[in-house]
>>> print(open('input_22.tsv').read())   # TSV, C-alpha atoms
chain	number	residue	atom	x	y	z
X	165	MET	CA	78.02	17.94	162.42
X	166	ARG	CA	75.12	15.53	162.25
X	167	ASP	CA	72.84	18.22	163.67
X	168	LEU	CA	73.96	20.61	160.96
X	169	PHE	CA	73.40	17.98	158.28
X	170	ASN	CA	69.92	17.22	159.62
X	171	ALA	CA	69.10	20.91	159.68
X	172	LEU	CA	69.47	21.06	155.89
X	173	PRO	CA	66.13	20.98	154.01
X	174	GLY	CA	64.86	18.17	151.79
X	175	PRO	CA	65.31	14.39	151.59
X	176	PRO	CA	68.72	12.78	152.40
X	177	PHE	CA	69.95	12.98	148.78
X	178	VAL	CA	69.24	16.74	148.61
X	179	LYS	CA	70.83	17.21	152.05
X	180	ALA	CA	73.96	15.45	150.77
X	181	VAL	CA	74.13	17.63	147.66
X	182	LEU	CA	73.65	20.81	149.72
X	183	ALA	CA	76.28	19.70	152.23
X	184	ALA	CA	78.76	19.04	149.39
X	185	LEU	CA	78.00	22.46	147.92
X	186	ILE	CA	78.58	24.15	151.26
X	187	VAL	CA	81.90	22.34	151.69
X	188	VAL	CA	83.01	23.40	148.18
X	189	VAL	CA	82.04	27.03	148.80
X	190	VAL	CA	83.81	27.09	152.18
X	191	LEU	CA	86.96	25.55	150.68
X	192	ALA	CA	86.88	28.05	147.80
X	193	LEU	CA	86.56	30.91	150.29
X	194	LEU	CA	89.49	29.52	152.30
X	195	VAL	CA	91.64	29.33	149.16
X	196	VAL	CA	90.80	32.94	148.27
X	197	VAL	CA	91.45	34.17	151.82
X	198	PHE	CA	94.74	32.25	152.12
X	199	GLU	CA	95.88	33.37	148.68
X	200	TYR	CA	94.98	37.06	148.83
X	201	GLY	CA	94.81	37.65	152.58
X	202	GLY	CA	98.59	37.39	152.71
X	203	ASP	CA	98.79	40.63	150.71
X	204	LEU	CA	97.88	42.44	153.91
X	205	ILE	CA	101.18	41.45	155.52
X	206	ASP	CA	103.33	41.25	152.38
X	207	ASP	CA	102.28	42.02	148.81
X	208	GLY	CA	105.69	41.56	147.21
X	209	GLY	CA	107.06	45.04	147.79
X	210	THR	CA	106.63	46.40	144.27
X	211	ILE	CA	106.38	50.08	143.43
X	212	GLY	CA	103.35	51.44	141.60
B	937	MET	CA	71.79	29.72	177.21
B	938	ARG	CA	73.87	26.53	177.25
B	939	THR	CA	73.46	26.19	173.48
B	940	LEU	CA	74.59	29.80	173.05
B	941	PHE	CA	77.75	29.25	175.12
B	942	ARG	CA	78.49	26.07	173.20
B	943	SER	CA	78.07	27.87	169.86
B	944	VAL	CA	80.31	30.74	170.95
B	945	GLY	CA	82.89	28.27	172.23
B	946	TRP	CA	83.00	26.30	168.98
B	947	THR	CA	83.13	29.51	166.95
B	948	MET	CA	86.15	30.69	168.93
B	949	ILE	CA	87.90	27.32	168.61
B	950	TRP	CA	87.38	27.26	164.81
B	951	SER	CA	88.42	30.90	164.50
B	952	GLY	CA	91.62	30.17	166.42
B	953	LEU	CA	92.39	27.13	164.28
B	954	PHE	CA	91.72	29.18	161.15
B	955	LEU	CA	94.06	31.94	162.35
B	956	PHE	CA	96.85	29.47	163.14
B	957	ALA	CA	96.40	27.77	159.78
B	958	PHE	CA	96.40	31.13	157.97
B	959	LEU	CA	99.56	32.39	159.68
B	960	GLY	CA	101.30	29.02	159.34
B	961	TYR	CA	100.56	28.97	155.62
B	962	GLN	CA	101.69	32.56	155.11
B	963	LEU	CA	104.93	32.33	157.10
B	964	TRP	CA	106.06	28.82	156.18
B	965	GLY	CA	103.65	27.19	153.70
B	966	THR	CA	104.18	29.78	150.99
B	967	GLY	CA	107.93	29.24	151.22
B	968	VAL	CA	107.65	25.63	150.05
B	969	ARG	CA	106.50	26.78	146.61
B	970	THR	CA	109.26	29.39	146.39
B	971	ASP	CA	112.00	26.99	147.51
B	972	LEU	CA	110.96	24.47	144.86
B	973	ALA	CA	110.89	27.18	142.18
B	974	GLN	CA	114.31	28.49	143.24
B	975	ALA	CA	115.88	25.01	143.16
B	976	ALA	CA	114.50	24.34	139.68
B	977	ALA	CA	115.49	27.81	138.44
B	978	GLU	CA	119.11	27.43	139.56
B	979	ASP	CA	119.57	24.46	137.23
B	980	ASP	CA	117.81	26.26	134.36
B	981	LEU	CA	119.92	29.35	134.87
B	982	ALA	CA	123.23	27.51	134.59
B	983	ASP	CA	122.13	26.06	131.23
B	984	GLN	CA	120.80	29.44	130.11
B	985	PHE	CA	124.08	31.21	130.96
B	986	GLU	CA	126.03	28.68	128.95
B	987	LEU	CA	123.66	29.10	125.99
B	988	VAL	CA	123.90	32.92	125.97
B	989	ARG	CA	127.68	32.83	126.35
B	990	ALA	CA	127.93	30.40	123.45
B	991	GLU	CA	125.66	32.55	121.24
B	992	ASP	CA	127.47	35.82	122.02
B	993	GLY	CA	130.96	34.34	122.11
B	994	LEU	CA	131.51	35.30	125.76
B	995	GLU	CA	133.90	33.78	128.25
B	996	ASP	CA	132.75	32.70	131.69
B	997	THR	CA	134.62	35.21	133.84
B	998	THR	CA	132.62	34.62	137.03
B	999	ALA	CA	135.36	32.65	138.76
B	1000	ALA	CA	137.97	35.28	137.89
B	1001	VAL	CA	136.29	38.09	139.83
B	1002	GLU	CA	137.75	38.81	143.25
B	1003	ILE	CA	136.35	41.25	145.78
B	1004	VAL	CA	138.45	42.81	148.50
B	1005	LEU	CA	136.37	43.25	151.65
B	1006	ASP	CA	137.46	45.00	154.84
B	1007	ASP	CA	136.73	43.68	158.35
B	1008	ASP	CA	133.22	45.16	158.27
B	1009	GLY	CA	132.41	43.47	154.98
B	1010	LYS	CA	132.58	46.72	152.98
B	1011	VAL	CA	133.93	46.67	149.44
B	1012	VAL	CA	137.47	48.02	149.15
B	1013	GLU	CA	138.29	46.92	145.61
B	1014	VAL	CA	137.06	44.59	142.87
B	1015	ILE	CA	139.63	42.80	140.72
B	1016	GLY	CA	139.26	41.08	137.36
B	1017	SER	CA	135.68	41.93	136.43
B	1018	GLU	CA	136.30	44.29	133.53
B	1019	GLY	CA	136.52	43.69	129.82
B	1020	VAL	CA	134.47	40.62	129.06
B	1021	ALA	CA	135.22	39.41	125.55
B	1022	GLY	CA	132.46	40.44	123.15
B	1023	SER	CA	131.18	43.26	125.34
B	1024	ALA	CA	129.80	46.00	123.12
B	1025	PHE	CA	127.97	49.18	124.04
B	1026	ASP	CA	125.28	50.39	121.68
B	1027	PRO	CA	124.85	54.14	122.27
B	1028	ASN	CA	121.50	54.20	120.44
B	1029	SER	CA	119.71	51.56	122.51
B	1030	ARG	CA	121.85	52.17	125.63
B	1031	GLN	CA	121.88	48.38	126.04
B	1032	ILE	CA	124.95	46.24	126.44
B	1033	LEU	CA	124.60	42.67	125.28
B	1034	LEU	CA	121.62	41.71	127.37
B	1035	ASP	CA	118.53	42.96	125.59
B	1036	GLU	CA	115.46	43.63	127.72
B	1037	GLU	CA	113.21	41.97	125.14
B	1038	ALA	CA	115.39	38.87	125.11
B	1039	VAL	CA	114.33	38.04	128.68
B	1040	ALA	CA	110.82	36.58	128.79
B	1041	GLU	CA	108.46	37.29	131.68
B	1042	ASN	CA	108.49	34.73	134.47
B	1043	THR	CA	111.85	33.31	133.39
B	1044	SER	CA	114.98	33.35	135.54
B	1045	PHE	CA	117.87	35.44	134.22
B	1046	ALA	CA	120.15	36.36	137.13
B	1047	THR	CA	121.14	35.62	140.70
B	1048	ILE	CA	121.47	38.18	143.46
B	1049	ARG	CA	123.66	37.71	146.53
B	1050	PHE	CA	124.07	39.67	149.76
B	1051	PRO	CA	127.41	38.59	151.32
B	1052	THR	CA	127.09	40.81	154.39
B	1053	LEU	CA	123.71	39.36	155.34
B	1054	VAL	CA	125.46	36.33	156.74
B	1055	THR	CA	126.56	37.04	160.32
B	1056	ARG	CA	129.22	39.68	159.89
B	1057	ASP	CA	131.61	37.76	162.20
B	1058	GLU	CA	131.46	34.78	159.85
B	1059	LEU	CA	132.05	36.81	156.72
B	1060	VAL	CA	135.26	35.96	154.92
B	1061	THR	CA	137.17	39.19	154.47
B	1062	GLY	CA	140.22	40.16	152.48
B	1063	ARG	CA	140.65	39.19	148.84
B	1064	VAL	CA	137.88	36.69	148.04
B	1065	GLU	CA	136.71	35.10	144.81
B	1066	ALA	CA	133.23	36.50	144.13
B	1067	GLY	CA	131.70	33.07	143.62
B	1068	ALA	CA	133.22	31.78	146.84
B	1069	ILE	CA	131.97	34.49	149.19
B	1070	GLU	CA	129.92	32.85	151.92
B	1071	THR	CA	126.31	33.62	151.08
B	1072	GLU	CA	124.38	30.63	152.36
B	1073	GLY	CA	120.73	31.55	152.57
B	1074	THR	CA	121.30	34.93	150.98
B	1075	SER	CA	121.53	33.97	147.31
B	1076	TRP	CA	118.41	34.17	145.14
B	1077	VAL	CA	117.51	33.50	141.53
B	1078	VAL	CA	115.88	36.60	139.99
B	1079	PHE	CA	112.91	36.30	137.64
B	1080	GLU	CA	111.71	38.73	135.00
B	1081	GLY	CA	108.55	40.60	136.04
B	1082	THR	CA	106.92	41.69	139.27
B	1083	SER	CA	103.44	40.18	138.94
B	1084	ARG	CA	101.92	38.33	141.90
B	1085	ARG	CA	102.65	35.05	140.14
B	1086	THR	CA	106.30	35.91	139.44
B	1087	LEU	CA	107.09	37.15	142.95
B	1088	LYS	CA	105.97	33.79	144.35
B	1089	LEU	CA	108.97	32.25	142.57
B	1090	GLY	CA	111.54	34.68	144.02
B	1091	PRO	CA	112.71	38.28	143.58
B	1092	GLY	CA	111.38	39.88	140.40
B	1093	HIS	CA	112.90	42.47	138.07
B	1094	MET	CA	110.57	45.34	137.16
B	1095	ILE	CA	110.00	45.00	133.42
B	1096	ASP	CA	110.09	48.70	132.48
B	1097	THR	CA	113.51	49.25	134.09
B	1098	PRO	CA	116.96	48.35	132.68
B	1099	LEU	CA	118.39	44.92	133.40
B	1100	PRO	CA	121.09	44.67	136.09
B	1101	GLY	CA	124.49	45.60	134.68
B	1102	GLN	CA	122.92	47.99	132.16
B	1103	PRO	CA	122.98	51.80	132.28
B	1104	GLY	CA	120.13	53.30	134.33
B	1105	ASN	CA	118.29	52.06	137.37
B	1106	ALA	CA	117.43	48.34	137.55
B	1107	VAL	CA	114.63	47.72	140.06
B	1108	ILE	CA	114.19	44.34	141.77
B	1109	SER	CA	111.35	43.63	144.20
B	1110	GLY	CA	110.90	40.78	146.65
B	1111	HIS	CA	108.75	39.50	149.51
B	1112	ARG	CA	109.81	40.34	153.06
B	1113	THR	CA	107.80	37.90	155.19
B	1114	THR	CA	106.09	35.37	152.90
B	1115	TYR	CA	107.24	33.17	149.98
B	1116	SER	CA	110.63	32.41	151.64
B	1117	ALA	CA	111.09	36.14	152.34
B	1118	PRO	CA	114.05	36.77	150.02
B	1119	PHE	CA	114.33	40.43	151.06
B	1120	ASN	CA	113.60	39.89	154.77
B	1121	ARG	CA	116.93	41.32	155.95
B	1122	LEU	CA	117.27	44.16	153.46
B	1123	ASP	CA	117.05	46.61	156.37
B	1124	GLU	CA	120.38	45.24	157.69
B	1125	LEU	CA	122.32	46.42	154.64
B	1126	GLU	CA	124.57	49.39	155.31
B	1127	GLU	CA	126.40	51.91	153.17
B	1128	GLY	CA	129.38	50.23	151.48
B	1129	ASP	CA	127.97	46.67	151.61
B	1130	PRO	CA	128.33	44.68	148.38
B	1131	ILE	CA	125.42	43.29	146.36
B	1132	ILE	CA	126.54	40.81	143.71
B	1133	VAL	CA	124.39	40.16	140.64
B	1134	GLU	CA	125.35	37.43	138.19
B	1135	THR	CA	123.96	37.49	134.66
B	1136	ALA	CA	125.00	35.64	131.53
B	1137	ILE	CA	127.54	38.34	130.72
B	1138	GLY	CA	129.31	38.20	134.07
B	1139	THR	CA	129.48	39.38	137.66
B	1140	HIS	CA	128.13	42.85	138.41
B	1141	VAL	CA	129.25	44.21	141.78
B	1142	TYR	CA	127.08	46.95	143.31
B	1143	VAL	CA	127.77	48.85	146.51
B	1144	VAL	CA	125.02	50.22	148.78
B	1145	ARG	CA	124.97	54.02	148.74
B	1146	ASP	CA	123.68	56.30	151.48
B	1147	PRO	CA	120.25	57.43	150.23
B	1148	GLY	CA	120.69	60.65	152.20
B	1149	THR	CA	123.37	61.74	149.73
B	1150	ILE	CA	121.52	60.85	146.52
B	1151	ILE	CA	117.80	61.08	147.23
B	1152	ASP	CA	116.21	64.50	147.39
B	1153	ASN	CA	112.50	63.89	147.65
B	1154	THR	CA	110.06	65.15	150.24
B	1155	SER	CA	107.92	62.00	150.07
B	1156	VAL	CA	110.53	59.91	151.91
B	1157	LEU	CA	108.84	58.64	155.09
B	1158	ALA	CA	111.88	57.37	157.00
B	1159	MET	CA	115.63	57.03	156.50
B	1160	ASP	CA	118.08	54.60	158.10
B	1161	ASP	CA	120.70	56.15	160.40
B	1162	GLU	CA	123.32	53.71	159.05
B	1163	GLY	CA	122.74	54.98	155.52
B	1164	GLY	CA	121.35	51.71	154.21
B	1165	TRP	CA	117.69	52.25	153.33
B	1166	PHE	CA	114.75	54.60	153.20
B	1167	ALA	CA	110.98	54.12	153.25
B	1168	VAL	CA	108.31	55.46	150.90
B	1169	ARG	CA	104.67	54.85	150.06
B	1170	PRO	CA	104.01	51.99	147.58
B	1171	THR	CA	102.96	54.54	144.97
B	1172	ALA	CA	106.30	56.43	144.94
B	1173	LEU	CA	107.05	55.80	141.28
B	1174	TRP	CA	109.97	58.25	141.31
B	1175	VAL	CA	112.01	55.53	143.01
B	1176	LYS	CA	112.31	53.83	139.61
B	1177	ASP	CA	113.83	56.88	137.94
B	1178	ALA	CA	116.53	58.09	140.29
B	1179	PRO	CA	119.46	58.46	140.00
B	1180	ALA	CA	119.81	59.47	136.36
B	1181	GLU	CA	123.44	58.74	135.47
B	1182	GLY	CA	125.54	55.60	135.72
B	1183	ALA	CA	124.27	52.10	136.52
B	1184	TRP	CA	122.22	51.56	139.66
B	1185	LEU	CA	120.31	48.82	141.41
B	1186	THR	CA	117.22	49.57	143.49
B	1187	LEU	CA	115.79	46.87	145.74
B	1188	THR	CA	112.25	47.23	147.09
B	1189	THR	CA	110.31	45.26	149.67
B	1190	CYS	CA	107.47	45.70	152.18
B	1191	HIS	CA	107.90	47.90	155.24
B	1192	PRO	CA	107.52	47.62	158.16
B	1193	GLU	CA	107.86	43.86	158.51
B	1194	TYR	CA	104.44	42.11	158.52
B	1195	SER	CA	102.85	45.08	156.76
B	1196	ALA	CA	102.44	46.18	153.15
B	1197	ARG	CA	101.79	49.77	154.17
B	1198	GLN	CA	105.14	51.17	152.97
B	1199	ARG	CA	108.13	50.19	150.87
B	1200	LEU	CA	111.71	49.78	152.10
B	1201	ILE	CA	114.20	50.84	149.44
B	1202	VAL	CA	117.92	50.11	149.13
B	1203	VAL	CA	119.91	51.89	146.42
B	1204	ALA	CA	123.26	50.58	145.19
B	1205	GLU	CA	125.69	51.73	142.50
B	1206	LEU	CA	127.62	49.57	140.04
B	1207	VAL	CA	131.31	49.65	140.99
B	1208	ALA	CA	132.59	46.79	138.84
B	1209	GLY	CA	131.43	44.44	136.13
B	1210	PRO	CA	131.77	43.70	132.44
B	1211	ASN	CA	129.97	46.92	131.50
B	1212	HIS	CA	131.25	49.23	134.23
B	1213	ALA	CA	134.06	50.85	132.25
B	1214	VAL	CA	131.95	51.48	129.17
B	1215	ILE	CA	128.98	52.83	131.15
B	1216	TYR	CA	131.01	55.23	133.26
B	1217	LYS	CA	133.10	56.34	130.28
B	1218	ASP	CA	129.81	57.16	128.56
B	1219	VAL	CA	128.63	59.11	131.59
B	1220	GLY	CA	131.92	60.98	131.69
B	1221	ASP	CA	131.71	61.85	128.01
B	1222	ALA	CA	128.14	63.13	128.22
>>> encode(input="input_22.tsv", output="structure tokens")
Amino acid sequence: MRDLFNALPGPPFVKAVLAALIVVVVLALLVVVFEYGGDLIDDGGTIG
Amino acid sequence: MRTLFRSVGWTMIWSGLFLFAFLGYQLWGTGVRTDLAQAAAEDDLADQFELVRAEDGLEDTTAAVEIVLDDDGKVVEVIGSEGVAGSAFDPNSRQILLDEEAVAENTSFATIRFPTLVTRDELVTGRVEAGAIETEGTSWVVFEGTSRRTLKLGPGHMIDTPLPGQPGNAVISGHRTTYSAPFNRLDELEEGDPIIVETAIGTHVYVVRDPGTIIDNTSVLAMDDEGGWFAVRPTALWVKDAPAEGAWLTLTTCHPEYSARQRLIVVAELVAGPNHAVIYKDVGDA
């Protein structure tokens, strides 16, 4: 983790902001995948 | 090379954890939301039924309905479900008491029960009060609408179809594997099994019909040997229309299990309920 953090460009403050952004984006992606990925196994069974 | 192996190893570990988390959420996590919604809706529905009955001057006849079941759980006879006070058929709108527009989207308006989906050996047979038939784990509050949001709460009634207990074909959809899987065991229903729908105007008893005798469509992909269900593509809109006369209930869910590739359909006909006599008299007169 620390290696990944250090690999981010800029001074420590910028690294922290970038790391937070990455975490937010990853969490948002997870929410989308968890929410809509389930449609592959069961989309509610409606017609049309 | 060592760094490469380490990276691949970590990637596989995280992928595995992600997969477990994803499946765990889909199979069990989603059910938490549905169970909470169902518990809250049951309380709301009892109040709502009382309100509608008070407004329309109806009696609560739910407890008076008795269903005679044989040893296999098939309906033999239904007693005491006809002639609810205040029942009135409007031939122009073809609606009886419950008006489609009176039920708002996302609100609960009925319950649906599948008595034979308890273990058949445990099923109480003979003359049984409808409300007392053992249905633990097989009773669901039905919501109006079939949007993604609505179906997370429980089974949903397709808005452009008649309400249960009304003339025509009422269509109700539900999840089969996620969100508490209300229609998980729909494939176990057989011809003659009862499906009980309670609305504010009373208890509507439907009986599963063999689709082989009523469906004549070449787009059917599979049909159950026991006469309980058939499978179609999700775009088979004709399922909503058939059959034309009488009062019917069509249940739809995903098929096969763990796939949304097809739809499993169960068709049932109204055999008793507050509107049965007036609907079938109307059909006979037509």
>>> atom_distance(input="input_22.tsv", atom1="CA of Trp1165 in chain B", atom2="CA of Gln1102 in chain B")
22.2 Å
>>> atom_distance(input="input_22.tsv", atom1="CA of Gly960 in chain B", atom2="CA of Glu1124 in chain B")
25.1 Å
>>> interface_residues(input="input_22.tsv", of="chain X", to="chain B", cutoff="7 Å", atoms="all atoms listed in the file", output="JSON, numbers by chain")
{"X": [198, 202, 204, 205, 206, 207, 208, 209, 210, 211, 212]}
>>> closest_residue(input="input_22.tsv", among="B:His1140, B:Glu1070, B:Val988, B:Val968", to="Thr1047 in chain B", atoms="only C-alpha atoms")
B:His1140
>>> atom_distance(input="input_22.tsv", atom1="CA of Leu987 in chain B", atom2="CA of Thr1043 in chain B")
14.6 Å
>>> closest_residue(input="input_22.tsv", among="B:Asn1211, B:Asn1042, B:Thr1149, B:Thr1055", to="Arg1085 in chain B", atoms="all atoms listed in the file")
B:Asn1042
>>> residues_near_point(input="input_22.tsv", point="(129.5, 52.7, 150.3)", cutoff="6 Å", atoms="only C-alpha atoms", output="PyMOL selection string")
chain B and resi 1127-1128+1143-1145
>>> write_last_selection(input="input_22.tsv", atoms="C-alpha atoms", output="compact mmCIF listing (two decimals), in the coordinates of the input")
# COMPACT_ATOMS: atom_id res chain seq x y z
CA GLU B 1127 126.40 51.91 153.17
CA GLY B 1128 129.38 50.23 151.48
CA VAL B 1143 127.77 48.85 146.51
CA VAL B 1144 125.02 50.22 148.78
CA ARG B 1145 124.97 54.02 148.74
>>> residues_around(input="input_22.tsv", residues="Leu168 in chain X", least_positions_apart="4", cutoff="12 Å", atoms="all atoms listed in the file", output="PyMOL selection string")
chain X and resi 172-173+179-180+182-183+186
>>> axis_aligned_box(input="input_22.tsv", around="range 198-205 of chain X", padding_each_side="5 Å", output="lines of an AutoDock Vina configuration file")
center_x = 98.0
center_y = 37.3
center_z = 152.1
size_x = 16.4
size_y = 20.2
size_z = 16.8
>>> residues_around(input="input_22.tsv", residues="Ala1208 in chain B", least_positions_apart="5", cutoff="10 Å", atoms="only C-alpha atoms", output="list in words")
Val1001, Ile1003, Glu1013, Val1014, Ile1015, Gly1016, Ser1017, Glu1018, Gly1101, Ile1132, Thr1139, His1140, Val1141, Tyr1142, Val1143 and Ala1213 of chain B
>>> build_atoms(input="input_22.tsv", residues="range 175-186 of chain X", atoms="N, CA and C atoms", output="CSV table (one decimal), in the frame of the given file")
chain,number,residue,atom,x,y,z
X,175,PRO,N,65.0,15.8,151.3
X,175,PRO,CA,65.3,14.4,151.6
X,175,PRO,C,66.8,14.2,151.7
X,176,PRO,N,67.3,13.0,152.2
X,176,PRO,CA,68.7,12.8,152.4
X,176,PRO,C,69.6,13.1,151.2
X,177,PHE,N,69.1,12.8,150.0
X,177,PHE,CA,70.0,13.0,148.8
X,177,PHE,C,70.2,14.5,148.6
X,178,VAL,N,69.1,15.3,148.8
X,178,VAL,CA,69.2,16.7,148.6
X,178,VAL,C,70.1,17.3,149.7
X,179,LYS,N,70.0,16.8,150.9
X,179,LYS,CA,70.8,17.2,152.0
X,179,LYS,C,72.3,17.0,151.7
X,180,ALA,N,72.6,15.8,151.1
X,180,ALA,CA,74.0,15.4,150.8
X,180,ALA,C,74.5,16.4,149.7
X,181,VAL,N,73.7,16.7,148.7
X,181,VAL,CA,74.1,17.6,147.7
X,181,VAL,C,74.4,19.0,148.3
X,182,LEU,N,73.5,19.5,149.1
X,182,LEU,CA,73.6,20.8,149.7
X,182,LEU,C,74.9,20.8,150.6
X,183,ALA,N,75.1,19.8,151.4
X,183,ALA,CA,76.3,19.7,152.2
X,183,ALA,C,77.6,19.8,151.4
X,184,ALA,N,77.6,19.0,150.3
X,184,ALA,CA,78.8,19.0,149.4
X,184,ALA,C,79.0,20.4,148.8
X,185,LEU,N,77.9,21.1,148.4
X,185,LEU,CA,78.0,22.5,147.9
X,185,LEU,C,78.6,23.4,149.0
X,186,ILE,N,78.1,23.3,150.2
X,186,ILE,CA,78.6,24.2,151.3
X,186,ILE,C,80.1,23.9,151.5
